[in-house]
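J.: File query_14.cif below, mmCIF, N, CA and C atoms:
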data_data
loop_
_atom_site.label_atom_id
_atom_site.label_comp_id
_atom_site.auth_asym_id
_atom_site.auth_seq_id
_atom_site.Cartn_x
_atom_site.Cartn_y
_atom_site.Cartn_z
N MET A 844 11.60 -21.11 -23.94
CA MET A 844 10.68 -20.98 -22.81
C MET A 844 11.40 -21.41 -21.54
N GLY A 845 11.47 -20.53 -20.59
CA GLY A 845 12.16 -20.83 -19.35
C GLY A 845 11.33 -21.67 -18.40
N LYS A 846 11.96 -22.10 -17.33
CA LYS A 846 11.31 -22.94 -16.33
C LYS A 846 10.07 -22.23 -15.75
N ARG A 847 10.22 -20.93 -15.42
CA ARG A 847 9.09 -20.20 -14.85
C ARG A 847 7.93 -20.15 -15.84
N ASP A 848 8.21 -19.90 -17.11
CA ASP A 848 7.16 -19.85 -18.13
C ASP A 848 6.44 -21.19 -18.25
N GLU A 849 7.20 -22.29 -18.13
CA GLU A 849 6.59 -23.63 -18.19
C GLU A 849 5.65 -23.83 -17.00
N LEU A 850 6.09 -23.38 -15.82
CA LEU A 850 5.25 -23.52 -14.62
C LEU A 850 3.99 -22.68 -14.75
N ILE A 851 4.12 -21.45 -15.25
CA ILE A 851 2.95 -20.57 -15.43
C ILE A 851 1.95 -21.24 -16.39
N ALA A 852 2.45 -21.86 -17.45
CA ALA A 852 1.57 -22.56 -18.40
C ALA A 852 0.86 -23.73 -17.71
N LYS A 853 1.59 -24.44 -16.84
CA LYS A 853 1.00 -25.55 -16.09
C LYS A 853 -0.08 -25.04 -15.14
N TYR A 854 0.19 -23.91 -14.48
CA TYR A 854 -0.79 -23.33 -13.56
C TYR A 854 -2.04 -22.88 -14.32
N ALA A 855 -1.83 -22.28 -15.48
CA ALA A 855 -2.96 -21.83 -16.31
C ALA A 855 -3.82 -23.02 -16.72
N ASP A 856 -3.16 -24.12 -17.06
CA ASP A 856 -3.88 -25.33 -17.44
C ASP A 856 -4.71 -25.86 -16.27
N ASP A 857 -4.13 -25.84 -15.05
CA ASP A 857 -4.87 -26.27 -13.86
C ASP A 857 -6.10 -25.39 -13.65
N LEU A 858 -5.93 -24.07 -13.81
CA LEU A 858 -7.06 -23.16 -13.62
C LEU A 858 -8.18 -23.47 -14.62
N LYS A 859 -7.80 -23.78 -15.87
CA LYS A 859 -8.79 -24.08 -16.89
C LYS A 859 -9.44 -25.45 -16.67
N SER A 860 -8.61 -26.49 -16.56
CA SER A 860 -9.12 -27.85 -16.53
C SER A 860 -9.66 -28.30 -15.18
N LYS A 861 -9.07 -27.86 -14.08
CA LYS A 861 -9.48 -28.34 -12.76
C LYS A 861 -10.38 -27.37 -12.02
N CYS A 862 -10.26 -26.08 -12.32
CA CYS A 862 -11.02 -25.06 -11.58
C CYS A 862 -12.10 -24.40 -12.42
N GLY A 863 -12.12 -24.69 -13.72
CA GLY A 863 -13.13 -24.12 -14.59
C GLY A 863 -13.04 -22.61 -14.75
N MET A 864 -11.81 -22.07 -14.66
CA MET A 864 -11.61 -20.62 -14.77
C MET A 864 -10.74 -20.30 -15.97
N THR A 865 -10.99 -19.15 -16.58
CA THR A 865 -10.10 -18.66 -17.63
C THR A 865 -9.14 -17.70 -16.95
N PRO A 866 -7.85 -18.07 -16.89
CA PRO A 866 -6.91 -17.24 -16.14
C PRO A 866 -6.56 -15.92 -16.83
N ASP A 867 -6.38 -14.90 -16.00
CA ASP A 867 -5.83 -13.62 -16.43
C ASP A 867 -4.31 -13.87 -16.40
N MET A 868 -3.72 -14.06 -17.57
CA MET A 868 -2.32 -14.49 -17.63
C MET A 868 -1.36 -13.47 -17.02
N ASP A 869 -1.67 -12.18 -17.17
CA ASP A 869 -0.83 -11.14 -16.59
C ASP A 869 -0.82 -11.26 -15.06
N LEU A 870 -2.01 -11.40 -14.48
CA LEU A 870 -2.12 -11.54 -13.03
C LEU A 870 -1.49 -12.85 -12.56
N LEU A 871 -1.74 -13.94 -13.27
CA LEU A 871 -1.17 -15.24 -12.90
C LEU A 871 0.36 -15.16 -12.90
N THR A 872 0.93 -14.48 -13.89
CA THR A 872 2.38 -14.31 -13.96
C THR A 872 2.89 -13.53 -12.75
N LYS A 873 2.20 -12.46 -12.39
CA LYS A 873 2.62 -11.64 -11.24
C LYS A 873 2.50 -12.41 -9.93
N VAL A 874 1.42 -13.18 -9.77
CA VAL A 874 1.23 -13.98 -8.55
C VAL A 874 2.34 -15.03 -8.46
N THR A 875 2.64 -15.66 -9.60
CA THR A 875 3.69 -16.69 -9.64
C THR A 875 5.04 -16.10 -9.27
N ILE A 876 5.37 -14.94 -9.83
CA ILE A 876 6.63 -14.27 -9.50
C ILE A 876 6.65 -13.91 -8.01
N GLY A 877 5.49 -13.51 -7.49
CA GLY A 877 5.38 -13.16 -6.07
C GLY A 877 5.64 -14.34 -5.14
N CYS A 878 5.45 -15.55 -5.64
CA CYS A 878 5.72 -16.75 -4.82
C CYS A 878 7.22 -16.97 -4.65
N GLY A 879 8.02 -16.31 -5.48
CA GLY A 879 9.47 -16.42 -5.37
C GLY A 879 9.99 -17.80 -5.70
N PRO A 880 11.12 -18.17 -5.09
CA PRO A 880 11.76 -19.45 -5.42
C PRO A 880 10.95 -20.67 -4.97
N ALA A 881 9.91 -20.47 -4.18
CA ALA A 881 9.10 -21.60 -3.70
C ALA A 881 8.53 -22.42 -4.85
N ILE A 882 8.27 -21.79 -6.00
CA ILE A 882 7.66 -22.51 -7.12
C ILE A 882 8.56 -23.60 -7.69
N TYR A 883 9.86 -23.50 -7.39
CA TYR A 883 10.81 -24.48 -7.92
C TYR A 883 11.06 -25.64 -6.94
N ASN A 884 10.48 -25.57 -5.75
CA ASN A 884 10.67 -26.59 -4.73
C ASN A 884 9.42 -27.45 -4.67
N ASP A 885 9.59 -28.77 -4.85
CA ASP A 885 8.43 -29.67 -4.91
C ASP A 885 7.50 -29.51 -3.71
N ASP A 886 8.06 -29.41 -2.51
CA ASP A 886 7.23 -29.31 -1.31
C ASP A 886 6.59 -27.93 -1.18
N ALA A 887 7.39 -26.90 -1.35
CA ALA A 887 6.91 -25.53 -1.16
C ALA A 887 5.97 -25.06 -2.27
N SER A 888 6.05 -25.68 -3.44
CA SER A 888 5.24 -25.22 -4.58
C SER A 888 3.78 -25.65 -4.47
N THR A 889 3.49 -26.55 -3.53
CA THR A 889 2.11 -27.00 -3.36
C THR A 889 1.59 -26.64 -1.97
N VAL A 890 0.27 -26.64 -1.85
CA VAL A 890 -0.39 -26.37 -0.57
C VAL A 890 -0.95 -27.70 -0.06
N ALA A 891 -0.52 -28.09 1.14
CA ALA A 891 -1.03 -29.31 1.77
C ALA A 891 -2.37 -28.97 2.42
N ALA A 892 -3.46 -29.17 1.67
CA ALA A 892 -4.78 -28.72 2.11
C ALA A 892 -5.32 -29.50 3.31
N THR A 893 -4.72 -30.64 3.61
CA THR A 893 -5.21 -31.44 4.74
C THR A 893 -4.53 -31.06 6.05
N GLN A 894 -3.52 -30.19 5.96
CA GLN A 894 -2.80 -29.78 7.18
C GLN A 894 -3.28 -28.40 7.62
N ASP A 895 -3.88 -28.36 8.81
CA ASP A 895 -4.38 -27.09 9.33
C ASP A 895 -3.27 -26.05 9.45
N SER A 896 -2.08 -26.49 9.84
CA SER A 896 -0.97 -25.55 10.00
C SER A 896 -0.58 -24.91 8.67
N GLU A 897 -0.68 -25.67 7.60
CA GLU A 897 -0.37 -25.15 6.26
C GLU A 897 -1.41 -24.09 5.86
N LEU A 898 -2.66 -24.35 6.16
CA LEU A 898 -3.72 -23.41 5.81
C LEU A 898 -3.61 -22.13 6.65
N GLU A 899 -3.18 -22.28 7.90
CA GLU A 899 -2.94 -21.11 8.76
C GLU A 899 -1.81 -20.25 8.18
N THR A 900 -0.77 -20.92 7.66
CA THR A 900 0.36 -20.21 7.05
C THR A 900 -0.11 -19.42 5.82
N VAL A 901 -0.95 -20.03 4.99
CA VAL A 901 -1.50 -19.34 3.82
C VAL A 901 -2.28 -18.11 4.29
N LYS A 902 -3.10 -18.30 5.32
CA LYS A 902 -3.92 -17.20 5.84
C LYS A 902 -3.04 -16.07 6.38
N ASP A 903 -2.10 -16.42 7.27
CA ASP A 903 -1.27 -15.40 7.93
C ASP A 903 -0.29 -14.71 6.98
N ASN A 904 0.46 -15.52 6.21
CA ASN A 904 1.52 -14.96 5.38
C ASN A 904 1.03 -14.38 4.06
N PHE A 905 -0.03 -14.94 3.50
CA PHE A 905 -0.50 -14.44 2.21
C PHE A 905 -1.68 -13.49 2.36
N LEU A 906 -2.75 -13.95 2.97
CA LEU A 906 -3.96 -13.11 3.03
C LEU A 906 -3.78 -11.90 3.93
N VAL A 907 -3.19 -12.09 5.11
CA VAL A 907 -3.05 -10.97 6.05
C VAL A 907 -1.85 -10.09 5.70
N LYS A 908 -0.67 -10.70 5.56
CA LYS A 908 0.54 -9.89 5.31
C LYS A 908 0.63 -9.37 3.88
N LYS A 909 0.43 -10.24 2.89
CA LYS A 909 0.60 -9.83 1.49
C LYS A 909 -0.59 -9.02 0.97
N LEU A 910 -1.80 -9.55 1.19
CA LEU A 910 -2.98 -8.87 0.64
C LEU A 910 -3.55 -7.81 1.58
N GLY A 911 -3.08 -7.80 2.82
CA GLY A 911 -3.51 -6.77 3.76
C GLY A 911 -4.94 -6.92 4.26
N LEU A 912 -5.43 -8.15 4.30
CA LEU A 912 -6.80 -8.38 4.77
C LEU A 912 -6.83 -8.49 6.29
N ALA A 913 -7.96 -8.12 6.88
CA ALA A 913 -8.13 -8.25 8.33
C ALA A 913 -8.42 -9.71 8.66
N ASP A 914 -7.76 -10.22 9.71
CA ASP A 914 -7.95 -11.61 10.12
C ASP A 914 -9.38 -11.82 10.60
N GLY A 915 -9.91 -12.96 10.26
CA GLY A 915 -11.26 -13.30 10.68
C GLY A 915 -11.68 -14.62 10.05
N PRO A 916 -12.82 -15.16 10.45
CA PRO A 916 -13.26 -16.47 9.93
C PRO A 916 -13.48 -16.49 8.42
N GLN A 917 -13.75 -15.30 7.84
CA GLN A 917 -13.99 -15.25 6.40
C GLN A 917 -12.74 -15.65 5.60
N LEU A 918 -11.56 -15.48 6.17
CA LEU A 918 -10.33 -15.85 5.45
C LEU A 918 -10.22 -17.36 5.30
N MET A 919 -10.46 -18.09 6.39
CA MET A 919 -10.39 -19.55 6.30
C MET A 919 -11.53 -20.09 5.44
N GLU A 920 -12.68 -19.44 5.48
CA GLU A 920 -13.80 -19.84 4.62
C GLU A 920 -13.41 -19.70 3.16
N ALA A 921 -12.72 -18.62 2.83
CA ALA A 921 -12.28 -18.39 1.44
C ALA A 921 -11.24 -19.44 1.03
N ILE A 922 -10.31 -19.75 1.93
CA ILE A 922 -9.29 -20.76 1.63
C ILE A 922 -9.98 -22.09 1.35
N ASN A 923 -10.93 -22.46 2.19
CA ASN A 923 -11.65 -23.73 2.00
C ASN A 923 -12.47 -23.73 0.71
N ALA A 924 -13.04 -22.60 0.36
CA ALA A 924 -13.80 -22.50 -0.90
C ALA A 924 -12.88 -22.70 -2.10
N VAL A 925 -11.69 -22.12 -2.02
CA VAL A 925 -10.71 -22.27 -3.11
C VAL A 925 -10.25 -23.73 -3.21
N ILE A 926 -10.00 -24.37 -2.06
CA ILE A 926 -9.60 -25.79 -2.06
C ILE A 926 -10.72 -26.65 -2.66
N ASP A 927 -11.98 -26.33 -2.32
CA ASP A 927 -13.11 -27.07 -2.89
C ASP A 927 -13.18 -26.89 -4.40
N THR A 928 -12.94 -25.65 -4.87
CA THR A 928 -12.96 -25.38 -6.30
C THR A 928 -11.85 -26.16 -7.01
N TYR A 929 -10.68 -26.19 -6.39
CA TYR A 929 -9.53 -26.90 -6.97
C TYR A 929 -9.81 -28.40 -6.97
N GLY A 930 -10.53 -28.87 -5.97
CA GLY A 930 -10.83 -30.30 -5.83
C GLY A 930 -10.06 -30.87 -4.66
N ARG A 931 -10.77 -31.22 -3.60
CA ARG A 931 -10.09 -31.75 -2.40
C ARG A 931 -9.28 -33.00 -2.72
N SER A 932 -9.74 -33.79 -3.70
CA SER A 932 -9.05 -35.03 -4.03
C SER A 932 -7.83 -34.79 -4.93
N GLU A 933 -7.71 -33.58 -5.46
CA GLU A 933 -6.56 -33.24 -6.32
C GLU A 933 -5.28 -33.26 -5.48
N ARG A 934 -4.35 -34.14 -5.85
CA ARG A 934 -3.17 -34.32 -5.01
C ARG A 934 -2.27 -33.09 -4.97
N ASN A 935 -1.97 -32.53 -6.13
CA ASN A 935 -1.09 -31.36 -6.19
C ASN A 935 -1.90 -30.09 -6.37
N LYS A 936 -2.01 -29.34 -5.30
CA LYS A 936 -2.65 -28.03 -5.38
C LYS A 936 -1.53 -27.01 -5.39
N TYR A 937 -1.25 -26.46 -6.56
CA TYR A 937 -0.13 -25.54 -6.69
C TYR A 937 -0.38 -24.24 -5.95
N ARG A 938 0.61 -23.82 -5.20
CA ARG A 938 0.53 -22.61 -4.38
C ARG A 938 0.13 -21.39 -5.23
N ALA A 939 0.75 -21.23 -6.39
CA ALA A 939 0.46 -20.07 -7.25
C ALA A 939 -1.01 -20.07 -7.69
N VAL A 940 -1.56 -21.26 -7.95
CA VAL A 940 -2.97 -21.36 -8.37
C VAL A 940 -3.89 -21.00 -7.21
N VAL A 941 -3.59 -21.53 -6.02
CA VAL A 941 -4.39 -21.23 -4.83
C VAL A 941 -4.34 -19.73 -4.55
N TYR A 942 -3.14 -19.15 -4.59
CA TYR A 942 -2.98 -17.71 -4.33
C TYR A 942 -3.73 -16.88 -5.37
N TYR A 943 -3.62 -17.29 -6.63
CA TYR A 943 -4.32 -16.59 -7.71
C TYR A 943 -5.83 -16.56 -7.44
N MET A 944 -6.39 -17.72 -7.09
CA MET A 944 -7.83 -17.79 -6.83
C MET A 944 -8.22 -16.95 -5.61
N LEU A 945 -7.35 -16.89 -4.62
CA LEU A 945 -7.62 -16.06 -3.44
C LEU A 945 -7.58 -14.57 -3.79
N VAL A 946 -6.63 -14.18 -4.63
CA VAL A 946 -6.56 -12.78 -5.09
C VAL A 946 -7.86 -12.42 -5.81
N LYS A 947 -8.32 -13.31 -6.69
CA LYS A 947 -9.56 -13.06 -7.43
C LYS A 947 -10.76 -13.04 -6.48
N HIS A 948 -10.79 -13.95 -5.54
CA HIS A 948 -11.90 -14.05 -4.58
C HIS A 948 -12.09 -12.75 -3.82
N PHE A 949 -10.98 -12.19 -3.37
CA PHE A 949 -11.05 -10.96 -2.56
C PHE A 949 -10.95 -9.69 -3.39
N GLY A 950 -10.82 -9.82 -4.72
CA GLY A 950 -10.72 -8.64 -5.57
C GLY A 950 -9.49 -7.80 -5.28
N LYS A 951 -8.37 -8.47 -4.97
CA LYS A 951 -7.16 -7.76 -4.58
C LYS A 951 -6.11 -7.70 -5.70
N GLU A 952 -6.59 -7.69 -6.93
CA GLU A 952 -5.66 -7.62 -8.07
C GLU A 952 -4.74 -6.41 -7.98
N SER A 953 -5.22 -5.33 -7.36
CA SER A 953 -4.44 -4.09 -7.26
C SER A 953 -3.12 -4.28 -6.51
N VAL A 954 -3.06 -5.29 -5.64
CA VAL A 954 -1.82 -5.59 -4.90
C VAL A 954 -0.70 -5.92 -5.90
N TYR A 955 -1.09 -6.50 -7.03
CA TYR A 955 -0.10 -6.90 -8.04
C TYR A 955 -0.06 -5.90 -9.20
N GLY A 956 -0.72 -4.76 -9.04
CA GLY A 956 -0.75 -3.75 -10.10
C GLY A 956 0.59 -3.10 -10.22
#
Would you mind giving the structure from this file in structure tokens?
T.:
Amino acid sequence: MGKRDELIAKYADDLKSKCGMTPDMDLLTKVTIGCGPAIYNDDASTVAATQDSELETVKDNFLVKKLGLADGPQLMEAINAVIDTYGRSERNKYRAVVYYMLVKHFGKESVYG
């Protein structure tokens, strides 16, 4: 089992235990691969939910550029809903898990088809 596979298993566990979701492993794998080398960097692999600039980056670079969504208040509302689902007090919010939940929220699985 490679490093990426171990991380995907960890993300799947977070989705089950912390978010109450049964992950679509195929989609989770594709979202994780889409994150690129960031998943191996301690700082880049997590989302700092308390930093507005970090949330803006998620909105601009992932929701608008990657998923092709139109900018608007609904994007930040979705990000905050995902953070609430993950648990605001949860110290490590993995980027791949946050992105996965956002893909599901907006029904944009086709982007990873």
J.: Using all atoms listed in the file, determine which residues lie at most 5 Å from stretch 890-905 of chain A, disregarding the query and same-chain residues fewer than 2 positions distant; provide the list as a ChimeraX atom specification.
T.: /A:888,907-910,936-938
J.: Take atom C of A:Ile926 and atom CA of A:Gly845 and report the distance between them in Å, one decimal.
T.: 28.9 Å
J.: List the neighbours of A:Leu906 out to 8 Å using all atoms listed in the file; skip same-chain residues closer than 6 positions along the sequence, and give me the result as a PyMOL selection string.
T.: chain A and resi 900+912-914+918+945
J.: Which of these residues is nearest to A:Asp848, using only C-alpha atoms: A:Asn884, A:Thr889, A:Gln917, A:Thr872?
T.: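 Ranked by minimum distance to A:Asp848, first place goes to A:Thr872.
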J.: Using only C-alpha atoms, find the one residue out of A:Lys873, A:Lys853, A:Lys846, A:Lys861 that sits nearest to A:Asp927.
T.: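 Among the listed residues, A:Lys861 lies closest to A:Asp927.
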J.: Any chance you could list, as a count of residues only, the residues in chain A that come up helix (DSSP H, G or I) when DSSP is run on the backbone?
T.: 75
J.: Ranking A:Thr875, A:Asp867, A:Arg847, A:Lys859 by minimum distance to A:Tyr942 and counting only N, CA and C atoms, which one comes first?
T.: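 Of A:Thr875, A:Asp867, A:Arg847, A:Lys859, the one nearest A:Tyr942, counting only N, CA and C atoms, is A:Thr875.
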J.: For a test of reading the model, state the distance in Å between atom CA of A:Val925 and atom C of A:Ala887, rounded to one decimal.
T.: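 Result for atom CA of A:Val925 versus atom C of A:Ala887: 16.9 Å, one decimal.
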J.: Find the distance between atom N of A:Cys878 and atom C of A:Ala939 and write it in Å to one decimal.
T.: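 A separation of 8.1 Å between them.
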J.: Rank nothing, just name the residue among A:Ala881, A:Leu870, A:Ile922, A:Ala852 nearest to A:Tyr943, using only C-alpha atoms.
T.: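 Of A:Ala881, A:Leu870, A:Ile922, A:Ala852, the one nearest A:Tyr943, counting only C-alpha atoms, is A:Leu870.
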